[in-house]
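Source file: work_13.cif; contents: mmCIF, C-alpha atoms.
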```cif
data_coords
loop_
_atom_site.group_PDB
_atom_site.id
_atom_site.type_symbol
_atom_site.label_atom_id
_atom_site.label_comp_id
_atom_site.auth_asym_id
_atom_site.auth_seq_id
_atom_site.Cartn_x
_atom_site.Cartn_y
_atom_site.Cartn_z
ATOM 1 C CA CYS A 1 235.732 94.025 129.627
ATOM 2 C CA GLY A 2 233.449 96.327 127.684
ATOM 3 C CA HIS A 3 230.990 93.873 126.174
ATOM 4 C CA ASP A 4 228.182 96.337 126.818
ATOM 5 C CA GLY A 5 230.073 98.816 124.640
ATOM 6 C CA HIS A 6 230.646 96.248 121.907
ATOM 7 C CA THR A 7 226.939 95.396 121.902
ATOM 8 C CA THR A 8 226.096 99.093 121.599
ATOM 9 C CA MET A 9 228.465 99.453 118.649
ATOM 10 C CA LEU A 10 226.841 96.577 116.795
ATOM 11 C CA LEU A 11 223.344 97.892 117.540
ATOM 12 C CA GLY A 12 224.426 101.282 116.205
ATOM 13 C CA ALA A 13 225.764 99.718 113.023
ATOM 14 C CA ALA A 14 222.555 97.714 112.623
ATOM 15 C CA LYS A 15 220.438 100.838 113.012
ATOM 16 C CA TYR A 16 222.504 102.724 110.454
ATOM 17 C CA LEU A 17 222.465 99.921 107.892
ATOM 18 C CA ALA A 18 218.734 99.339 108.345
ATOM 19 C CA SER A 19 218.181 103.037 107.589
ATOM 20 C CA ASN A 20 220.538 103.032 104.590
ATOM 21 C CA ARG A 21 219.715 99.822 102.749
ATOM 22 C CA GLU A 22 220.551 101.456 99.421
ATOM 23 C CA SER A 23 224.201 101.659 100.502
ATOM 24 C CA PHE A 24 224.827 97.929 100.120
ATOM 25 C CA SER A 25 223.604 94.921 98.174
ATOM 26 C CA GLY A 26 223.319 91.689 100.122
ATOM 27 C CA LYS A 27 222.538 90.459 103.618
ATOM 28 C CA VAL A 28 224.219 91.373 106.904
ATOM 29 C CA ASN A 29 223.808 89.082 109.920
ATOM 30 C CA PHE A 30 224.321 90.760 113.292
ATOM 31 C CA ILE A 31 225.531 88.199 115.810
ATOM 32 C CA PHE A 32 225.115 89.012 119.496
ATOM 33 C CA GLN A 33 227.094 86.285 121.192
ATOM 34 C CA PRO A 34 226.489 85.486 124.876
ATOM 35 C CA ALA A 35 228.851 84.151 127.525
ATOM 36 C CA GLU A 36 232.275 84.968 126.091
ATOM 37 C CA GLU A 37 233.885 84.984 129.529
ATOM 38 C CA SER A 38 234.824 81.335 130.128
ATOM 39 C CA GLN A 39 231.434 79.870 129.124
ATOM 40 C CA GLY A 40 232.226 79.546 125.424
ATOM 41 C CA GLY A 41 229.181 81.211 123.929
ATOM 42 C CA GLY A 42 230.869 81.256 120.522
ATOM 43 C CA ARG A 43 231.321 77.490 120.597
ATOM 44 C CA GLU A 44 227.720 76.956 121.719
ATOM 45 C CA MET A 45 226.359 79.106 118.884
ATOM 46 C CA VAL A 46 228.418 77.247 116.280
ATOM 47 C CA GLU A 47 227.365 73.863 117.682
ATOM 48 C CA ASP A 48 223.730 75.011 117.678
ATOM 49 C CA GLY A 49 223.947 75.578 113.914
ATOM 50 C CA LEU A 50 224.592 79.313 113.710
ATOM 51 C CA PHE A 51 226.035 79.230 110.206
ATOM 52 C CA SER A 52 223.547 76.706 108.839
ATOM 53 C CA LYS A 53 220.698 78.925 109.998
ATOM 54 C CA TYR A 54 222.415 82.197 109.069
ATOM 55 C CA PRO A 55 225.048 81.490 106.385
ATOM 56 C CA CYS A 56 227.964 83.910 106.217
ATOM 57 C CA ASP A 57 230.678 84.331 103.580
ATOM 58 C CA GLU A 58 232.818 86.394 105.949
ATOM 59 C CA ILE A 59 232.638 87.322 109.632
ATOM 60 C CA TYR A 60 234.086 90.269 111.521
ATOM 61 C CA ALA A 61 234.367 91.355 115.164
ATOM 62 C CA LEU A 62 236.035 94.000 117.288
ATOM 63 C CA HIS A 63 237.116 94.493 120.886
ATOM 64 C CA ASN A 64 238.130 97.667 122.682
ATOM 65 C CA TRP A 65 241.807 97.572 123.625
ATOM 66 C CA PRO A 66 243.143 99.715 126.492
ATOM 67 C CA MET A 67 246.754 98.987 125.496
ATOM 68 C CA ILE A 68 246.595 101.112 122.336
ATOM 69 C CA GLU A 69 245.783 104.793 121.856
ATOM 70 C CA LYS A 70 242.305 106.136 121.301
ATOM 71 C CA GLY A 71 241.728 106.857 117.650
ATOM 72 C CA THR A 72 243.668 103.800 116.500
ATOM 73 C CA ILE A 73 242.570 100.431 115.163
ATOM 74 C CA ALA A 74 244.873 97.400 115.188
ATOM 75 C CA VAL A 75 244.534 94.768 112.465
ATOM 76 C CA ILE A 76 246.723 91.666 112.649
ATOM 77 C CA ASP A 77 247.221 88.984 110.016
ATOM 78 C CA GLY A 78 247.079 85.396 111.274
ATOM 79 C CA PRO A 79 246.961 84.578 115.001
ATOM 80 C CA VAL A 80 245.704 87.493 117.098
ATOM 81 C CA MET A 81 244.677 85.758 120.361
ATOM 82 C CA ALA A 82 246.090 82.583 121.899
ATOM 83 C CA ALA A 83 244.582 79.200 122.612
ATOM 84 C CA VAL A 84 244.198 78.462 126.322
ATOM 85 C CA ASP A 85 243.890 75.241 128.312
ATOM 86 C CA GLU A 86 243.556 74.881 132.088
ATOM 87 C CA PHE A 87 245.176 72.100 134.066
ATOM 88 C CA LYS A 88 245.065 70.485 137.483
ATOM 89 C CA VAL A 89 247.758 68.231 138.963
ATOM 90 C CA VAL A 90 246.907 66.200 142.072
ATOM 91 C CA ILE A 91 249.989 64.762 143.813
ATOM 92 C CA GLU A 92 249.428 61.890 146.221
ATOM 93 C CA GLY A 93 252.246 61.278 148.687
ATOM 94 C CA VAL A 94 252.425 60.099 152.286
ATOM 95 C CA GLY A 95 251.662 62.566 155.052
ATOM 96 C CA GLY A 96 253.067 62.636 158.546
ATOM 97 C CA HIS A 97 254.587 64.672 161.361
ATOM 98 C CA ALA A 98 256.851 67.521 160.282
ATOM 99 C CA ALA A 99 259.451 66.315 162.808
ATOM 100 C CA TYR A 100 259.863 63.029 160.894
ATOM 101 C CA PRO A 101 259.983 63.898 157.177
ATOM 102 C CA GLN A 102 261.908 60.682 156.448
ATOM 103 C CA LEU A 103 258.693 58.782 157.127
ATOM 104 C CA THR A 104 256.716 60.789 154.586
ATOM 105 C CA VAL A 105 256.580 61.341 150.856
ATOM 106 C CA ASP A 106 256.259 65.109 150.834
ATOM 107 C CA PRO A 107 253.902 66.354 148.083
ATOM 108 C CA ILE A 108 254.965 69.960 148.673
ATOM 109 C CA VAL A 109 258.570 69.199 147.760
ATOM 110 C CA ILE A 110 257.420 67.156 144.765
ATOM 111 C CA GLY A 111 255.049 69.901 143.630
ATOM 112 C CA SER A 112 257.824 72.469 143.916
ATOM 113 C CA HIS A 113 259.995 70.379 141.591
ATOM 114 C CA ILE A 114 257.111 70.111 139.137
ATOM 115 C CA VAL A 115 256.494 73.867 139.141
ATOM 116 C CA THR A 116 260.180 74.558 138.549
ATOM 117 C CA SER A 117 260.472 71.942 135.805
ATOM 118 C CA LEU A 118 257.461 73.303 133.966
ATOM 119 C CA GLN A 119 259.375 76.515 133.322
ATOM 120 C CA SER A 120 261.803 74.593 131.116
ATOM 121 C CA VAL A 121 258.985 73.559 128.789
ATOM 122 C CA ILE A 122 258.994 77.093 127.370
ATOM 123 C CA SER A 123 262.679 77.977 127.764
ATOM 124 C CA ARG A 124 264.179 74.668 126.576
ATOM 125 C CA GLN A 125 261.504 72.552 124.879
ATOM 126 C CA SER A 126 259.657 75.076 122.703
ATOM 127 C CA ASP A 127 260.786 77.050 119.669
ATOM 128 C CA PRO A 128 261.892 80.488 120.950
ATOM 129 C CA VAL A 129 260.091 82.244 118.077
ATOM 130 C CA ASP A 130 256.850 80.350 118.733
ATOM 131 C CA ALA A 131 255.132 82.212 121.556
ATOM 132 C CA ALA A 132 253.759 80.085 124.392
ATOM 133 C CA VAL A 133 253.379 80.389 128.154
ATOM 134 C CA VAL A 134 252.744 78.022 131.054
ATOM 135 C CA SER A 135 251.550 79.723 134.245
ATOM 136 C CA VAL A 136 251.073 77.961 137.563
ATOM 137 C CA THR A 137 248.477 80.041 139.369
ATOM 138 C CA GLN A 138 247.509 77.878 142.355
ATOM 139 C CA PHE A 139 249.376 75.588 144.762
ATOM 140 C CA HIS A 140 247.295 74.148 147.600
ATOM 141 C CA ALA A 141 248.598 71.794 150.280
ATOM 142 C CA GLY A 142 248.215 71.284 154.012
ATOM 143 C CA SER A 143 246.464 73.206 156.749
ATOM 144 C CA SER A 144 248.733 72.791 159.773
ATOM 145 C CA TYR A 145 252.163 74.087 160.797
ATOM 146 C CA ASN A 146 253.508 70.744 161.970
ATOM 147 C CA VAL A 147 251.937 68.267 159.548
ATOM 148 C CA ILE A 148 253.302 67.298 156.153
ATOM 149 C CA PRO A 149 250.162 66.788 154.046
ATOM 150 C CA SER A 150 249.460 63.670 152.057
ATOM 151 C CA SER A 151 248.451 65.497 148.896
ATOM 152 C CA ALA A 152 248.906 68.728 146.981
ATOM 153 C CA ILE A 153 247.025 70.356 144.116
ATOM 154 C CA ILE A 154 248.569 72.528 141.419
ATOM 155 C CA ARG A 155 246.480 74.479 138.914
ATOM 156 C CA GLY A 156 247.308 76.777 136.026
ATOM 157 C CA THR A 157 246.990 77.582 132.340
ATOM 158 C CA MET A 158 248.842 76.881 129.105
ATOM 159 C CA ARG A 159 248.663 79.291 126.175
ATOM 160 C CA SER A 160 249.894 78.988 122.607
ATOM 161 C CA PHE A 161 249.156 79.917 118.993
ATOM 162 C CA LYS A 162 250.029 76.791 117.005
ATOM 163 C CA GLU A 163 248.026 73.592 117.454
ATOM 164 C CA GLU A 164 251.175 71.432 117.500
ATOM 165 C CA THR A 165 252.629 73.615 120.249
ATOM 166 C CA ARG A 166 249.387 73.321 122.186
ATOM 167 C CA GLU A 167 249.562 69.521 122.055
ATOM 168 C CA ASN A 168 253.256 69.533 123.013
ATOM 169 C CA LEU A 169 252.536 71.610 126.116
ATOM 170 C CA LYS A 170 249.891 69.122 127.195
ATOM 171 C CA SER A 171 252.136 66.086 126.724
ATOM 172 C CA ARG A 172 255.108 67.719 128.468
ATOM 173 C CA LEU A 173 252.920 68.675 131.444
ATOM 174 C CA VAL A 174 251.738 65.098 131.882
ATOM 175 C CA SER A 175 255.238 63.674 131.452
ATOM 176 C CA ILE A 176 256.874 66.069 133.928
ATOM 177 C CA ALA A 177 254.174 65.687 136.573
ATOM 178 C CA GLU A 178 254.055 61.900 136.418
ATOM 179 C CA SER A 179 257.786 61.229 136.110
ATOM 180 C CA THR A 180 258.752 63.720 138.832
ATOM 181 C CA SER A 181 256.206 62.242 141.224
ATOM 182 C CA LYS A 182 257.353 58.715 140.440
ATOM 183 C CA ALA A 183 260.960 59.677 141.176
ATOM 184 C CA PHE A 184 259.870 60.573 144.720
ATOM 185 C CA ASP A 185 257.687 57.457 145.147
ATOM 186 C CA ALA A 186 254.478 59.448 144.740
ATOM 187 C CA THR A 187 251.793 59.553 142.073
ATOM 188 C CA ALA A 188 250.325 62.407 140.050
ATOM 189 C CA LYS A 189 246.989 62.638 138.298
ATOM 190 C CA VAL A 190 246.854 65.293 135.588
ATOM 191 C CA THR A 191 243.561 66.683 134.305
ATOM 192 C CA ILE A 192 243.508 69.057 131.350
ATOM 193 C CA TYR A 193 240.451 71.179 130.678
ATOM 194 C CA PRO A 194 240.480 72.212 126.996
ATOM 195 C CA GLY A 195 239.762 75.887 126.503
ATOM 196 C CA TYR A 196 239.351 78.190 123.527
ATOM 197 C CA PRO A 197 241.403 77.597 120.370
ATOM 198 C CA ALA A 198 243.623 80.323 118.928
ATOM 199 C CA THR A 199 241.862 83.244 117.239
ATOM 200 C CA VAL A 200 243.310 83.306 113.727
ATOM 201 C CA ASN A 201 242.468 86.041 111.236
ATOM 202 C CA SER A 202 242.220 85.281 107.535
ATOM 203 C CA SER A 203 244.906 87.268 105.704
ATOM 204 C CA LYS A 204 242.425 88.204 102.971
ATOM 205 C CA SER A 205 239.844 89.379 105.506
ATOM 206 C CA ALA A 206 242.521 91.289 107.420
ATOM 207 C CA ILE A 207 243.366 93.208 104.240
ATOM 208 C CA HIS A 208 239.710 94.184 103.807
ATOM 209 C CA ALA A 209 239.429 95.190 107.479
ATOM 210 C CA ALA A 210 242.651 97.230 107.312
ATOM 211 C CA LYS A 211 241.460 99.106 104.224
ATOM 212 C CA VAL A 212 238.210 100.119 105.929
ATOM 213 C CA ALA A 213 240.027 101.031 109.147
ATOM 214 C CA GLU A 214 242.576 103.159 107.298
ATOM 215 C CA GLU A 215 239.833 105.094 105.507
ATOM 216 C CA LEU A 216 238.203 105.732 108.880
ATOM 217 C CA VAL A 217 241.152 106.635 111.139
ATOM 218 C CA GLY A 218 243.939 107.418 108.670
ATOM 219 C CA GLU A 219 247.135 105.589 107.769
ATOM 220 C CA SER A 220 249.039 106.766 110.862
ATOM 221 C CA ASN A 221 246.347 105.399 113.173
ATOM 222 C CA LEU A 222 246.099 102.008 111.507
ATOM 223 C CA LEU A 223 248.283 99.598 113.487
ATOM 224 C CA ARG A 224 249.376 96.605 111.412
ATOM 225 C CA GLN A 225 252.381 95.468 113.456
ATOM 226 C CA GLU A 226 250.883 94.963 116.917
ATOM 227 C CA ALA A 227 251.975 91.791 118.685
ATOM 228 C CA PRO A 228 249.287 89.145 119.187
ATOM 229 C CA SER A 229 247.847 88.766 122.680
ATOM 230 C CA MET A 230 248.277 85.703 124.885
ATOM 231 C CA GLY A 231 244.712 86.236 126.063
ATOM 232 C CA ALA A 232 241.968 84.013 124.630
ATOM 233 C CA GLU A 233 238.734 84.725 122.777
ATOM 234 C CA ASP A 234 235.891 82.411 121.777
ATOM 235 C CA PHE A 235 235.215 84.272 118.531
ATOM 236 C CA SER A 236 237.918 81.793 117.515
ATOM 237 C CA TYR A 237 235.261 79.093 117.077
ATOM 238 C CA MET A 238 233.468 81.215 114.492
ATOM 239 C CA LEU A 239 236.702 81.921 112.625
ATOM 240 C CA ARG A 240 237.272 78.180 112.379
ATOM 241 C CA GLU A 241 234.048 77.942 110.393
ATOM 242 C CA VAL A 242 234.060 81.160 108.365
ATOM 243 C CA PRO A 243 237.002 83.355 107.233
ATOM 244 C CA GLY A 244 237.087 86.728 108.910
ATOM 245 C CA CYS A 245 238.967 89.204 111.048
ATOM 246 C CA TYR A 246 238.960 90.291 114.704
ATOM 247 C CA VAL A 247 240.367 93.786 115.347
ATOM 248 C CA TRP A 248 241.182 95.964 118.330
ATOM 249 C CA VAL A 249 239.774 99.486 118.721
ATOM 250 C CA GLY A 250 242.022 101.682 120.848
ATOM 251 C CA SER A 251 240.534 102.705 124.197
ATOM 252 C CA GLU A 252 243.787 103.748 125.956
ATOM 253 C CA SER A 253 243.544 103.229 129.696
ATOM 254 C CA THR A 254 245.893 102.454 132.583
ATOM 255 C CA ASN A 255 243.237 100.049 133.856
ATOM 256 C CA MET A 256 243.412 96.874 131.840
ATOM 257 C CA LEU A 257 240.470 94.680 130.836
ATOM 258 C CA HIS A 258 238.997 92.851 133.859
ATOM 259 C CA HIS A 259 240.588 95.361 136.256
ATOM 260 C CA PRO A 260 238.056 96.350 138.964
ATOM 261 C CA LYS A 261 238.483 100.011 137.986
ATOM 262 C CA TYR A 262 238.199 99.421 134.253
ATOM 263 C CA ASP A 263 235.550 101.661 132.694
ATOM 264 C CA PHE A 264 234.529 101.464 129.043
ATOM 265 C CA ASP A 265 235.056 104.839 127.360
ATOM 266 C CA ASP A 266 231.824 105.787 125.615
ATOM 267 C CA ALA A 267 233.769 108.245 123.426
ATOM 268 C CA ILE A 268 234.942 105.363 121.227
ATOM 269 C CA LEU A 269 231.402 104.156 120.476
ATOM 270 C CA PRO A 270 230.964 106.200 117.246
ATOM 271 C CA ARG A 271 234.261 104.858 115.879
ATOM 272 C CA GLY A 272 233.191 101.287 116.442
ATOM 273 C CA VAL A 273 229.800 101.917 114.844
ATOM 274 C CA GLN A 274 231.390 103.567 111.812
ATOM 275 C CA TYR A 275 233.954 100.811 111.386
ATOM 276 C CA LEU A 276 231.358 98.025 111.455
ATOM 277 C CA ALA A 277 228.918 99.852 109.176
ATOM 278 C CA ASN A 278 231.621 100.844 106.688
ATOM 279 C CA LEU A 279 232.993 97.309 106.688
ATOM 280 C CA ALA A 280 229.584 95.861 105.807
ATOM 281 C CA THR A 281 228.891 98.337 103.017
ATOM 282 C CA SER A 282 232.369 97.989 101.520
ATOM 283 C CA ARG A 283 232.120 94.183 101.391
ATOM 284 C CA LEU A 284 228.617 94.236 99.897
ATOM 285 C CA GLN A 285 229.052 96.599 96.956
#
```
Structure encoded using structure tokens:
Amino acid sequence: CGHDGHTTMLLGAAKYLASNRESFSGKVNFIFQPAEESQGGGREMVEDGLFSKYPCDEIYALHNWPMIEKGTIAVIDGPVMAAVDEFKVVIEGVGGHAAYPQLTVDPIVIGSHIVTSLQSVISRQSDPVDAAVVSVTQFHAGSSYNVIPSSAIIRGTMRSFKEETRENLKSRLVSIAESTSKAFDATAKVTIYPGYPATVNSSKSAIHAAKVAEELVGESNLLRQEAPSMGAEDFSYMLREVPGCYVWVGSESTNMLHHPKYDFDDAILPRGVQYLANLATSRLQ
């Protein structure tokens, strides 16, 4: 994902600012957050009193982005990354011999109806202009050719930008799973594992970030109309506490983040260092 590169960029900015203290007036806190990938390091730092120990008026972050060209920086007002929640649905039916399905309550058939019905949550029960996605990523049931299993497990994720949409997705999932199972004389237990909230940039901070980025890469390389990503980011917890902005630095690659062949391009390191250092000095004049 390039977190080693991001760390290097911040260290470079810290080294520059430490050597050029006359270029700004104020204090800069450099936050090296652990465990972004699924462990919620941002949440842990906030809960451990990050901003009471190191108060911040504004907070900024960046991430390399293979989907945009090298030399560009994308700055988005408002939501930039989605909220994500994981779910598990356990369907309990009645197993039996595949030759006598009438004597069973088939959880595979029930689960298939649930998976299909979940698609209507986005297409028919959500505002078309309010981006959201429900993805079923696992369906486990049975281990034999001639046995209808007694249970099935469905897992997946729900992603959204608005908090009300996030809650609606949760309630619709529970309703569909339970009512569909009941219609087939089965039961369903739904467990939702809350994930990261949406990453939402402050409009004021985004303006400051865009100004610095434009001075660095030029107007034509400042991207202000990029679509938000349905991926999730735990910098969101920090933005809930302090206004700020999370931007993307173009790294242009056919191998997306988390791809086994993804390789952070060291050529973009100076740009990240310059952006962070310039941002700090411009905000502390």
Identify, on the basis of all atoms listed in the file, every residue whose closest approach to His3 of chain A does not exceed 12 Å; exclude the query and any residue fewer than 3 positions from it along the same chain; express the result as an mmCIF file with C-alpha atoms, keeping the file's coordinate frame.
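Once written, part26.cif looks like this:
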```cif
data_model
loop_
_atom_site.group_PDB
_atom_site.id
_atom_site.type_symbol
_atom_site.label_atom_id
_atom_site.label_comp_id
_atom_site.auth_asym_id
_atom_site.auth_seq_id
_atom_site.Cartn_x
_atom_site.Cartn_y
_atom_site.Cartn_z
ATOM 1 C CA HIS A 6 230.646 96.248 121.907
ATOM 2 C CA THR A 7 226.939 95.396 121.902
ATOM 3 C CA THR A 8 226.096 99.093 121.599
ATOM 4 C CA MET A 9 228.465 99.453 118.649
ATOM 5 C CA LEU A 10 226.841 96.577 116.795
ATOM 6 C CA PHE A 32 225.115 89.012 119.496
ATOM 7 C CA GLN A 33 227.094 86.285 121.192
ATOM 8 C CA PRO A 34 226.489 85.486 124.876
ATOM 9 C CA ALA A 35 228.851 84.151 127.525
ATOM 10 C CA GLU A 36 232.275 84.968 126.091
ATOM 11 C CA GLU A 37 233.885 84.984 129.529
ATOM 12 C CA ALA A 61 234.367 91.355 115.164
ATOM 13 C CA LEU A 62 236.035 94.000 117.288
ATOM 14 C CA HIS A 63 237.116 94.493 120.886
ATOM 15 C CA ASN A 64 238.130 97.667 122.682
ATOM 16 C CA TRP A 65 241.807 97.572 123.625
ATOM 17 C CA LEU A 257 240.470 94.680 130.836
ATOM 18 C CA HIS A 258 238.997 92.851 133.859
ATOM 19 C CA ASP A 263 235.550 101.661 132.694
ATOM 20 C CA PHE A 264 234.529 101.464 129.043
ATOM 21 C CA ASP A 265 235.056 104.839 127.360
ATOM 22 C CA ASP A 266 231.824 105.787 125.615
ATOM 23 C CA LEU A 269 231.402 104.156 120.476
#
```
Neighbour list for segment 44-49 of chain A as a list in words, cut-off 8 Å, all atoms listed in the file, skip fewer than 2 positions in-chain: Gln33, Gly40, Gly41, Gly42, Phe51, Ser52, Lys53, Tyr237 and Met238 of chain A
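Across A:Phe87, A:Phe139, A:Phe24, A:Tyr275, the tightest approach to Leu216 of chain A is made by A:Tyr275 when counting only C-alpha atoms.
Closest approach to Ser144 of chain A among A:Glu226, A:Arg21, A:Gly78, A:Gly96 is made by A:Gly96 (distances from only C-alpha atoms).
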Nearest-residue call for Lys261 of chain A, choices A:Ile176, A:Ala232, A:Cys1, A:Ala152, using only C-alpha atoms: A:Cys1
Selection result for the PyMOL selection byres ((chain A and resi 136) around 7) on this file, as a list in words: Val115, Val134, Ser135, Thr137, Gln138, Arg155, Gly156 and Thr157 of chain A
Result set, the PyMOL selection byres ((chain A and resi 27) around 10) on current file, as a ChimeraX atom specification: /A:21,24-26,28-30,54-56,280,284
Distance of atom CA of Gly12 of chain A from atom CA of Gln285 of chain A, expressed in Å to one decimal place: 20.3 Å
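What separates atom CA of Leu11 of chain A from atom CA of Gln39 of chain A is a distance of 22.9 Å.
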Residues within 10 Å of Ala131 of chain A, all atoms listed in the file, excluding chain neighbours under 6 positions, as a VMD selection string: chain A and resid 82 122 159 to 162 165 228 to 230
Output of the PyMOL selection byres ((chain A and resi 248) around 10), listed as a ChimeraX atom specification: /A:61-68,72-76,80,223,226,246-247,249-251,272
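Residue nearest Ser202 of chain A within the list A:Ser236, A:Thr187, A:Ser179, A:Gln225: A:Ser236 [criterion: smallest interatomic distance, all atoms listed in the file].
Distance-wise, atom CA of Val217 of chain A and atom CA of Glu241 of chain A end up 29.6 Å apart.
Closest approach to Gly231 of chain A from the set A:Ser143, A:Thr254, A:Thr199, A:Asn278 is made by A:Thr199, with distances taken over all atoms listed in the file.
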How big is the axis-aligned box around all listed atoms of segment 133-145 of chain A once 4 Å goes on each side, and where's its centre, in Å to one decimal, as AutoDock Vina command-line options?
```
--center_x 249.9 --center_y 75.8 --center_z 144.5 --size_x 14.9 --size_y 17.1 --size_z 40.6
```
Spatial neighbours of Glu178 of chain A, 10 Å, all atoms listed in the file, chain gap at least 2 places, as a PyMOL selection string: chain A and resi 89+91+114+172-176+180-183+186-190
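Take the candidates A:Ser123, A:Glu58, A:Asn168, A:Ala198 and check each one against Leu279 of chain A using only C-alpha atoms; the shortest distance goes to A:Glu58.
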